[in-house]
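Reproduced below: protein-v7.txt, with compact mmCIF, C-alpha atoms.
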```txt
# COMPACT_ATOMS: atom_id res chain seq x y z
CA MET A 1 -62.63 12.09 24.23
CA LYS A 2 -64.66 9.17 23.07
CA GLU A 3 -62.75 6.08 21.90
CA PRO A 4 -63.29 5.22 18.26
CA SER A 5 -65.47 2.23 17.81
CA SER A 6 -63.45 -0.98 17.85
CA LYS A 7 -65.92 -2.39 15.36
CA LYS A 8 -64.38 -0.28 12.64
CA ASN A 9 -61.22 -2.36 12.43
CA ALA A 10 -62.67 -5.72 13.40
CA VAL A 11 -62.48 -8.46 10.80
CA GLU A 12 -66.02 -9.55 10.20
CA ALA A 13 -66.83 -13.11 9.27
CA PRO A 14 -68.14 -13.36 5.72
CA ALA A 15 -71.89 -13.24 5.77
CA ARG A 16 -73.58 -16.49 4.87
CA PRO A 17 -75.58 -15.93 1.72
CA ALA A 18 -79.22 -15.58 2.65
CA THR A 19 -81.78 -18.02 1.42
CA LYS A 20 -83.86 -16.48 -1.34
CA ARG A 21 -87.27 -17.62 -2.45
CA PHE A 22 -89.06 -16.81 -5.65
CA GLY A 23 -92.35 -18.05 -7.07
CA VAL A 24 -94.72 -17.74 -9.96
CA ASP A 25 -98.27 -18.93 -10.63
CA LEU A 26 -98.83 -20.21 -14.14
CA PRO A 27 -101.97 -21.32 -15.94
CA ALA A 28 -101.96 -25.09 -16.54
CA ASP A 29 -101.70 -24.48 -20.27
CA PRO A 30 -99.00 -25.36 -22.84
CA GLU A 31 -98.65 -21.67 -23.64
CA ALA A 32 -97.34 -21.10 -20.11
CA LEU A 33 -94.30 -23.33 -20.74
CA PRO A 34 -92.16 -20.60 -22.38
CA VAL A 35 -92.97 -18.30 -19.43
CA MET A 36 -91.91 -20.98 -16.95
CA ARG A 37 -88.74 -21.51 -18.96
CA ALA A 38 -87.88 -17.81 -18.96
CA PHE A 39 -88.53 -17.54 -15.20
CA ALA A 40 -86.35 -20.56 -14.39
CA GLU A 41 -83.56 -19.52 -16.75
CA ALA A 42 -83.39 -15.98 -15.34
CA ILE A 43 -83.20 -17.21 -11.74
CA ALA A 44 -80.74 -20.03 -12.41
CA LEU A 45 -78.50 -17.67 -14.40
CA GLU A 46 -78.57 -15.01 -11.70
CA ALA A 47 -77.83 -17.66 -9.07
CA GLY A 48 -74.68 -18.73 -10.94
CA PHE A 49 -75.66 -22.12 -12.33
CA SER A 50 -73.62 -23.27 -15.34
CA GLU A 51 -75.17 -23.45 -18.78
CA ARG A 52 -75.29 -27.24 -18.55
CA ALA A 53 -76.97 -27.10 -15.14
CA ARG A 54 -79.48 -24.56 -16.45
CA ASN A 55 -80.29 -26.89 -19.34
CA HIS A 56 -80.85 -29.69 -16.84
CA ILE A 57 -83.14 -27.50 -14.73
CA GLN A 58 -85.10 -26.44 -17.77
CA LEU A 59 -85.51 -30.02 -18.94
CA ALA A 60 -86.62 -31.27 -15.51
CA LEU A 61 -89.14 -28.49 -14.92
CA GLU A 62 -90.62 -28.87 -18.36
CA GLU A 63 -90.94 -32.66 -18.02
CA VAL A 64 -92.81 -32.24 -14.72
CA ALA A 65 -95.02 -29.44 -16.06
CA VAL A 66 -95.94 -31.36 -19.21
CA ASN A 67 -96.79 -34.36 -17.08
CA ILE A 68 -99.16 -32.18 -15.06
CA LEU A 69 -100.73 -30.81 -18.25
CA ILE A 70 -101.31 -34.33 -19.57
CA HIS A 71 -102.34 -36.15 -16.41
CA GLY A 72 -103.11 -33.58 -13.77
CA SER A 73 -105.08 -30.39 -13.50
CA GLY A 74 -107.65 -29.55 -16.11
CA PRO A 75 -108.18 -26.29 -17.99
CA GLY A 76 -108.47 -23.23 -15.79
CA SER A 77 -106.24 -24.63 -13.06
CA GLU A 78 -102.83 -23.40 -12.06
CA ILE A 79 -99.31 -24.68 -11.59
CA LYS A 80 -97.28 -22.99 -8.88
CA LEU A 81 -93.49 -22.94 -9.29
CA LEU A 82 -91.38 -22.06 -6.26
CA VAL A 83 -87.62 -21.95 -6.01
CA THR A 84 -85.45 -21.68 -2.93
CA LEU A 85 -81.88 -20.61 -3.59
CA GLU A 86 -79.20 -21.68 -1.15
CA ALA A 87 -75.47 -21.03 -1.44
CA ASP A 88 -74.65 -24.20 -3.36
CA HIS A 89 -77.98 -25.50 -4.60
CA ALA A 90 -81.54 -24.67 -5.56
CA VAL A 91 -84.74 -26.46 -4.62
CA TRP A 92 -87.51 -26.25 -7.19
CA GLU A 93 -91.06 -27.09 -6.15
CA ILE A 94 -93.86 -27.61 -8.65
CA LEU A 95 -97.34 -27.70 -7.17
CA ASP A 96 -100.64 -28.51 -8.78
CA ARG A 97 -104.11 -29.44 -7.61
CA GLY A 98 -104.70 -32.31 -10.00
CA LYS A 99 -105.09 -35.99 -9.22
CA PRO A 100 -102.23 -37.69 -7.35
CA PHE A 101 -99.53 -38.84 -9.72
CA PRO A 102 -98.38 -42.51 -9.61
CA PHE A 103 -94.77 -41.55 -8.94
CA GLU A 104 -93.36 -44.94 -7.91
CA GLU A 105 -95.09 -46.71 -10.78
CA SER A 106 -93.79 -44.15 -13.27
CA VAL A 107 -90.24 -44.44 -11.89
CA SER A 108 -90.25 -48.16 -12.60
CA ARG A 109 -91.81 -47.90 -16.06
CA TYR A 110 -88.60 -47.08 -17.90
CA ASP A 111 -85.16 -48.54 -17.26
CA GLY A 112 -83.06 -46.73 -19.86
CA MET A 113 -83.51 -49.36 -22.56
CA PRO A 114 -85.94 -48.27 -25.26
CA THR A 115 -87.48 -51.00 -27.38
CA MET A 116 -89.13 -50.96 -30.76
CA ASP A 117 -91.85 -53.38 -29.65
CA GLN A 118 -93.45 -51.65 -26.69
CA PRO A 119 -94.87 -48.23 -26.02
CA VAL A 120 -92.35 -46.15 -24.14
CA GLY A 121 -93.62 -44.47 -20.99
CA GLY A 122 -91.87 -42.94 -18.03
CA VAL A 123 -88.98 -41.49 -20.07
CA GLY A 124 -89.70 -37.96 -18.85
CA LEU A 125 -89.41 -38.87 -15.18
CA PHE A 126 -86.36 -41.02 -15.97
CA LEU A 127 -84.67 -37.92 -17.43
CA VAL A 128 -85.72 -35.78 -14.46
CA ARG A 129 -84.00 -38.23 -12.10
CA LYS A 130 -80.92 -38.29 -14.31
CA VAL A 131 -80.41 -34.53 -14.48
CA MET A 132 -81.42 -33.49 -10.96
CA ASP A 133 -79.57 -34.44 -7.77
CA GLU A 134 -82.67 -35.20 -5.70
CA VAL A 135 -86.25 -35.85 -6.76
CA ARG A 136 -89.09 -36.21 -4.26
CA TYR A 137 -92.83 -36.34 -4.67
CA GLU A 138 -95.48 -35.52 -2.08
CA PRO A 139 -98.93 -36.48 -3.26
CA ALA A 140 -102.14 -34.55 -2.71
CA THR A 141 -101.69 -32.64 0.50
CA ALA A 142 -103.98 -29.72 1.31
CA GLN A 143 -101.77 -27.63 -0.97
CA GLY A 144 -101.95 -30.15 -3.81
CA ASN A 145 -99.33 -32.41 -5.36
CA ARG A 146 -95.76 -31.30 -4.84
CA MET A 147 -92.71 -32.37 -6.87
CA ILE A 148 -89.46 -31.28 -5.25
CA LEU A 149 -86.30 -31.15 -7.36
CA THR A 150 -82.87 -30.24 -6.03
CA LYS A 151 -79.93 -29.20 -8.17
CA TYR A 152 -76.43 -28.52 -6.83
CA LYS A 153 -74.17 -26.08 -8.64
CA GLU A 154 -70.92 -28.02 -8.58
CA ARG A 155 -72.41 -31.35 -9.62
CA ALA A 156 -73.62 -30.15 -13.02
CA MET B 157 -86.37 -30.66 -47.19
CA SER B 158 -83.11 -31.24 -49.05
CA SER B 159 -81.47 -34.27 -50.62
CA HIS B 160 -78.10 -35.94 -50.30
CA GLY B 161 -77.71 -38.87 -52.67
CA ASN B 162 -80.78 -41.05 -52.10
CA TRP B 163 -81.43 -39.48 -48.71
CA LYS B 164 -84.14 -36.92 -48.03
CA ILE B 165 -83.07 -34.64 -45.20
CA LEU B 166 -85.34 -32.74 -42.83
CA ALA B 167 -83.60 -29.99 -40.89
CA PRO B 168 -85.73 -28.57 -38.07
CA THR B 169 -84.40 -25.74 -35.92
CA GLY B 170 -85.00 -24.76 -32.29
CA ARG B 171 -86.75 -27.15 -29.97
CA ILE B 172 -88.32 -30.59 -30.32
CA ASP B 173 -90.62 -30.82 -27.32
CA ALA B 174 -94.25 -31.30 -26.34
CA LEU B 175 -95.29 -28.22 -28.31
CA THR B 176 -93.33 -28.77 -31.53
CA GLY B 177 -93.15 -32.59 -31.45
CA PRO B 178 -96.48 -33.36 -33.17
CA VAL B 179 -95.64 -31.18 -36.19
CA MET B 180 -92.19 -32.74 -36.45
CA GLU B 181 -93.68 -36.23 -36.24
CA ALA B 182 -96.17 -35.50 -39.02
CA SER B 183 -93.43 -34.05 -41.25
CA CYS B 184 -91.21 -37.09 -40.76
CA HIS B 185 -94.04 -39.55 -41.41
CA GLU B 186 -94.97 -37.68 -44.58
CA ALA B 187 -91.35 -37.80 -45.75
CA LEU B 188 -91.10 -41.51 -44.94
CA GLU B 189 -94.28 -42.24 -46.91
CA LYS B 190 -92.59 -40.85 -50.02
CA ASN B 191 -88.94 -41.79 -49.47
CA PRO B 192 -87.20 -45.01 -48.39
CA GLN B 193 -84.32 -43.10 -46.78
CA VAL B 194 -84.98 -40.15 -44.50
CA ALA B 195 -82.50 -38.38 -42.24
CA LEU B 196 -83.31 -35.86 -39.52
CA ASP B 197 -80.60 -33.21 -39.37
CA LEU B 198 -80.44 -32.13 -35.71
CA ARG B 199 -77.59 -29.62 -36.05
CA GLY B 200 -80.05 -26.73 -35.68
CA VAL B 201 -81.93 -28.25 -32.72
CA ASP B 202 -80.80 -26.98 -29.32
CA TYR B 203 -83.34 -28.65 -27.03
CA MET B 204 -85.05 -32.03 -26.88
CA SER B 205 -87.37 -33.33 -24.18
CA SER B 206 -88.88 -36.79 -23.69
CA ALA B 207 -91.69 -35.70 -26.03
CA GLY B 208 -89.03 -35.19 -28.69
CA LEU B 209 -87.55 -38.61 -27.97
CA ARG B 210 -90.99 -40.17 -28.42
CA VAL B 211 -91.26 -38.46 -31.81
CA LEU B 212 -87.91 -39.94 -32.85
CA LEU B 213 -88.98 -43.40 -31.73
CA SER B 214 -92.30 -43.05 -33.54
CA ASN B 215 -90.42 -42.18 -36.73
CA LEU B 216 -88.07 -45.12 -36.33
CA LYS B 217 -91.00 -47.52 -35.86
CA PHE B 218 -92.84 -45.96 -38.80
CA ALA B 219 -89.74 -46.38 -40.98
CA SER B 220 -89.20 -49.94 -39.80
CA GLY B 221 -92.77 -50.86 -40.72
CA ARG B 222 -92.12 -49.66 -44.27
CA ASN B 223 -88.63 -51.13 -44.64
CA ALA B 224 -87.39 -47.57 -44.82
CA ALA B 225 -84.26 -46.14 -43.19
CA PHE B 226 -84.35 -43.33 -40.65
CA LEU B 227 -81.30 -41.81 -39.03
CA LEU B 228 -80.08 -38.75 -37.21
CA ILE B 229 -77.43 -36.22 -38.22
CA GLY B 230 -75.19 -34.19 -35.93
CA PRO B 231 -77.04 -33.65 -32.64
CA GLN B 232 -75.70 -30.72 -30.60
CA GLU B 233 -74.15 -31.46 -27.22
CA THR B 234 -77.35 -30.75 -25.24
CA VAL B 235 -79.42 -33.01 -27.48
CA ARG B 236 -76.72 -35.68 -27.62
CA GLU B 237 -76.68 -35.77 -23.82
CA VAL B 238 -80.44 -36.37 -23.70
CA LEU B 239 -80.13 -39.12 -26.34
CA GLU B 240 -77.36 -40.80 -24.34
CA MET B 241 -78.91 -40.38 -20.88
CA SER B 242 -82.19 -41.83 -22.06
CA GLY B 243 -80.58 -44.81 -23.80
CA PHE B 244 -82.10 -43.74 -27.12
CA SER B 245 -78.67 -43.29 -28.71
CA ARG B 246 -78.36 -47.11 -28.65
CA ILE B 247 -81.17 -47.66 -31.13
CA PHE B 248 -80.64 -44.72 -33.50
CA PRO B 249 -78.04 -44.63 -36.23
CA ILE B 250 -76.31 -41.25 -35.84
CA VAL B 251 -73.83 -39.64 -38.24
CA ASP B 252 -71.91 -36.40 -37.69
CA ASP B 253 -72.82 -34.67 -40.94
CA PRO B 254 -74.55 -35.39 -44.28
CA SER B 255 -71.29 -36.40 -45.97
CA ARG B 256 -71.23 -39.41 -43.59
CA LEU B 257 -74.59 -40.76 -44.73
CA PRO B 258 -74.24 -44.38 -45.88
```
Could you spell out this file's structure in structure tokens?
Amino acid sequence: MKEPSSKKNAVEAPARPATKRFGVDLPADPEALPVMRAFAEAIALEAGFSERARNHIQLALEEVAVNILIHGSGPGSEIKLLVTLEADHAVWEILDRGKPFPFEESVSRYDGMPTMDQPVGGVGLFLVRKVMDEVRYEPATAQGNRMILTKYKERA
Amino acid sequence: MSSHGNWKILAPTGRIDALTGPVMEASCHEALEKNPQVALDLRGVDYMSSAGLRVLLSNLKFASGRNAAFLLIGPQETVREVLEMSGFSRIFPIVDDPSRLP
């Protein structure tokens, strides 16, 4: 008689959650912003991010997208949004084919002290760096400009 | 627009962002042209981006240029966090509700 499989009673190590990737192509148009928001909210909610973290993600993505609409690609172009979900964090990538964005210059344009006397620029990127855990920018590769934003679940 | 004492109160709802900001800015400027004391009631606003912050600053500058007063009422937690993170809460008078208007 055949021995029952020993596998049946073996204690299996918990499977490591698999990396998941999602993406969406959006027209570089203000009317695409609500669609981007809905996409990001659905994924962040499903992935278990807190309400506060989801608000942070929404704010960061929208600030980057609006910056692209203002300074980057013209009408008819696209913004590609990709997200990679890991067990404890998500990496959001926003790609566009517009002109390279002066990231370092924009980072230094606002220091958290608004004044009544000068025009205020760079506040959007300032907020992005405040609400996300990591912010990187890769200018104009063959695939276009790439902003990479990382958000951890437990740090929200 | 409603009134509380000498204050004219605008009470937008929803989001103040790149899409809605220009309309909000125009409404506030129009109110400030007619009234020396204007308050923006944020209790119904659940989202504000940097475009919204720029609208607030534009209103404050517009008011300052006319010797008018401009203040904020009751921002929700999400909006309050953006105001504080950005440093904008330092330059805006904020009261919790209309009964606290000076």
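When only C-alpha atoms are used to measure the gap to Glu51 of chain A, the shortest distance among A:Lys153, A:Lys130, A:Lys99, A:Arg136 belongs to A:Lys153.
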Can I get the residues of chain B within 12 Å of chain A, each with the closest pair of atoms and their distance in Å to one decimal, using all atoms listed in the file, sorted chain first then ascending number, as a Markdown table?
```
| residue | atom | partner | partner_atom | distance |
| --- | --- | --- | --- | --- |
| B:Arg171 | CA | A:Pro34 | CA | 11.4 |
| B:Ile172 | CA | A:Leu59 | CA | 11.7 |
| B:Asp173 | CA | A:Glu62 | CA | 9.2 |
| B:Ala174 | CA | A:Val66 | CA | 7.3 |
| B:Leu175 | CA | A:Pro30 | CA | 7.2 |
| B:Thr176 | CA | A:Pro30 | CA | 10.9 |
| B:Asp202 | CA | A:Asn55 | CA | 10.0 |
| B:Tyr203 | CA | A:Asn55 | CA | 8.5 |
| B:Met204 | CA | A:Leu59 | CA | 8.2 |
| B:Ser205 | CA | A:Leu59 | CA | 6.5 |
| B:Ser206 | CA | A:Gly124 | CA | 5.0 |
| B:Ala207 | CA | A:Gly124 | CA | 7.8 |
| B:Gly208 | CA | A:Gly124 | CA | 10.2 |
| B:Leu209 | CA | A:Val123 | CA | 8.5 |
| B:Arg210 | CA | A:Val120 | CA | 7.5 |
| B:Val211 | CA | A:Val120 | CA | 10.9 |
| B:Leu212 | CA | A:Met116 | CA | 11.3 |
| B:Leu213 | CA | A:Met116 | CA | 7.6 |
| B:Ser214 | CA | A:Met116 | CA | 9.0 |
| B:Asn215 | CA | A:Met116 | CA | 10.7 |
| B:Leu216 | CA | A:Met116 | CA | 8.1 |
| B:Lys217 | CA | A:Met116 | CA | 6.4 |
| B:Phe218 | CA | A:Met116 | CA | 10.2 |
| B:Ala219 | CA | A:Met116 | CA | 11.2 |
| B:Ser220 | CA | A:Met116 | CA | 9.1 |
| B:Gly221 | CA | A:Met116 | CA | 10.6 |
| B:Glu233 | CA | A:Arg52 | CA | 9.7 |
| B:Thr234 | CA | A:Asn55 | CA | 7.6 |
| B:Val235 | CA | A:Asn55 | CA | 10.2 |
| B:Glu237 | CA | A:Arg52 | CA | 10.1 |
| B:Val238 | CA | A:Leu127 | CA | 7.7 |
| B:Leu239 | CA | A:Leu127 | CA | 10.1 |
| B:Glu240 | CA | A:Gly112 | CA | 9.4 |
| B:Met241 | CA | A:Leu127 | CA | 7.2 |
| B:Ser242 | CA | A:Gly112 | CA | 5.4 |
| B:Gly243 | CA | A:Gly112 | CA | 5.0 |
| B:Phe244 | CA | A:Pro114 | CA | 6.2 |
| B:Ser245 | CA | A:Pro114 | CA | 9.5 |
| B:Arg246 | CA | A:Met113 | CA | 8.3 |
| B:Ile247 | CA | A:Pro114 | CA | 7.6 |
| B:Phe248 | CA | A:Pro114 | CA | 10.4 |
```
Could the residues in this selection be written to a file with C-alpha atoms, as a short mmCIF file (atom, residue, chain, number, x, y, z; two decimals), in the frame of the given file?
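Resulting contents of again_16.cif:
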```
data_model
loop_
_atom_site.label_atom_id
_atom_site.label_comp_id
_atom_site.auth_asym_id
_atom_site.auth_seq_id
_atom_site.Cartn_x
_atom_site.Cartn_y
_atom_site.Cartn_z
CA ARG B 171 -86.75 -27.15 -29.97
CA ILE B 172 -88.32 -30.59 -30.32
CA ASP B 173 -90.62 -30.82 -27.32
CA ALA B 174 -94.25 -31.30 -26.34
CA LEU B 175 -95.29 -28.22 -28.31
CA THR B 176 -93.33 -28.77 -31.53
CA ASP B 202 -80.80 -26.98 -29.32
CA TYR B 203 -83.34 -28.65 -27.03
CA MET B 204 -85.05 -32.03 -26.88
CA SER B 205 -87.37 -33.33 -24.18
CA SER B 206 -88.88 -36.79 -23.69
CA ALA B 207 -91.69 -35.70 -26.03
CA GLY B 208 -89.03 -35.19 -28.69
CA LEU B 209 -87.55 -38.61 -27.97
CA ARG B 210 -90.99 -40.17 -28.42
CA VAL B 211 -91.26 -38.46 -31.81
CA LEU B 212 -87.91 -39.94 -32.85
CA LEU B 213 -88.98 -43.40 -31.73
CA SER B 214 -92.30 -43.05 -33.54
CA ASN B 215 -90.42 -42.18 -36.73
CA LEU B 216 -88.07 -45.12 -36.33
CA LYS B 217 -91.00 -47.52 -35.86
CA PHE B 218 -92.84 -45.96 -38.80
CA ALA B 219 -89.74 -46.38 -40.98
CA SER B 220 -89.20 -49.94 -39.80
CA GLY B 221 -92.77 -50.86 -40.72
CA GLU B 233 -74.15 -31.46 -27.22
CA THR B 234 -77.35 -30.75 -25.24
CA VAL B 235 -79.42 -33.01 -27.48
CA GLU B 237 -76.68 -35.77 -23.82
CA VAL B 238 -80.44 -36.37 -23.70
CA LEU B 239 -80.13 -39.12 -26.34
CA GLU B 240 -77.36 -40.80 -24.34
CA MET B 241 -78.91 -40.38 -20.88
CA SER B 242 -82.19 -41.83 -22.06
CA GLY B 243 -80.58 -44.81 -23.80
CA PHE B 244 -82.10 -43.74 -27.12
CA SER B 245 -78.67 -43.29 -28.71
CA ARG B 246 -78.36 -47.11 -28.65
CA ILE B 247 -81.17 -47.66 -31.13
CA PHE B 248 -80.64 -44.72 -33.50
#
```
(message) List the spatial neighbours of Gly161 of chain B as a list in words - criterion: any atom at most 10 Å away, only C-alpha atoms, same-chain residues fewer than 6 positions off excluded.
(response) Gln193, Pro254, Ser255, Leu257 and Pro258 of chain B
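With atom CA of Trp163 of chain B on one side and atom CA of Asn191 of chain B on the other, the separation reads 7.9 Å.
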(request) For atom CA of Leu227 of chain B and atom CA of Val179 of chain B, quote the distance in Å rounded to one decimal. (result) 18.1 Å
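Atom CA of Glu154 of chain A is found 23.7 Å from atom CA of Gly23 of chain A.
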(request) Would you mind telling me which residue in B:Val251, B:Ala224, B:Ala167, B:Met157 lies nearest to Pro192 of chain B when using all atoms listed in the file? (result) B:Ala224
Would you compute an axis-aligned box for segment 30-43 of chain A, covering every atom listed for it in the file with 3 Å of margin on each side, and report centre and edge lengths in Å to one decimal as lines of an AutoDock Vina configuration file?
```
center_x = -91.1
center_y = -20.7
center_z = -17.7
size_x = 21.8
size_y = 15.4
size_z = 17.9
```
(message) Considering all atoms listed in the file, can you say which of B:Arg256, B:Pro178, B:Asn162, B:Cys184 comes closest to Leu196 of chain B?
(response) B:Cys184
Quick one: residues within 8 Å of segment 67-70 of chain A, only C-alpha atoms, excluding same-chain residues fewer than 6 positions away - as a PDB file with C-alpha atoms, in the coordinates of the input?
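Output saved as part_7.pdb:
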```pdb
ATOM      1  CA  ALA A  28    -101.960 -25.090 -16.540  1.00  0.00           C
ATOM      2  CA  ASP A  29    -101.700 -24.480 -20.270  1.00  0.00           C
ATOM      3  CA  PRO A  30     -99.000 -25.360 -22.840  1.00  0.00           C
ATOM      4  CA  ASP A  96    -100.640 -28.510  -8.780  1.00  0.00           C
ATOM      5  CA  GLY A  98    -104.700 -32.310 -10.000  1.00  0.00           C
TER       6      GLY A  98
END
```
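Shortest separation to Gly170 of chain B among B:Ala195, B:Ala182, B:Ala187, B:Val201 occurs at residue B:Val201, atoms counted being all atoms listed in the file.
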Residues near Val91 of chain A, cut-off 8 Å, all atoms listed in the file, skip fewer than 5 positions along chain, as a CSV table (one decimal) with C-alpha atoms, in the frame of the given file:
```
chain,number,residue,atom,x,y,z
A,83,VAL,CA,-87.6,-22.0,-6.0
A,84,THR,CA,-85.4,-21.7,-2.9
A,85,LEU,CA,-81.9,-20.6,-3.6
A,148,ILE,CA,-89.5,-31.3,-5.2
A,149,LEU,CA,-86.3,-31.2,-7.4
A,150,THR,CA,-82.9,-30.2,-6.0
A,151,LYS,CA,-79.9,-29.2,-8.2
```
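Counting all atoms listed in the file, the residue from B:Lys164, B:Pro231, B:Glu181, B:Asp252 that sits nearest to Gly200 of chain B is B:Pro231.
Using only C-alpha atoms, the nearest neighbour of Val107 of chain A within the list A:Val135, A:Leu61, A:Ala90, A:Met36 is A:Val135.
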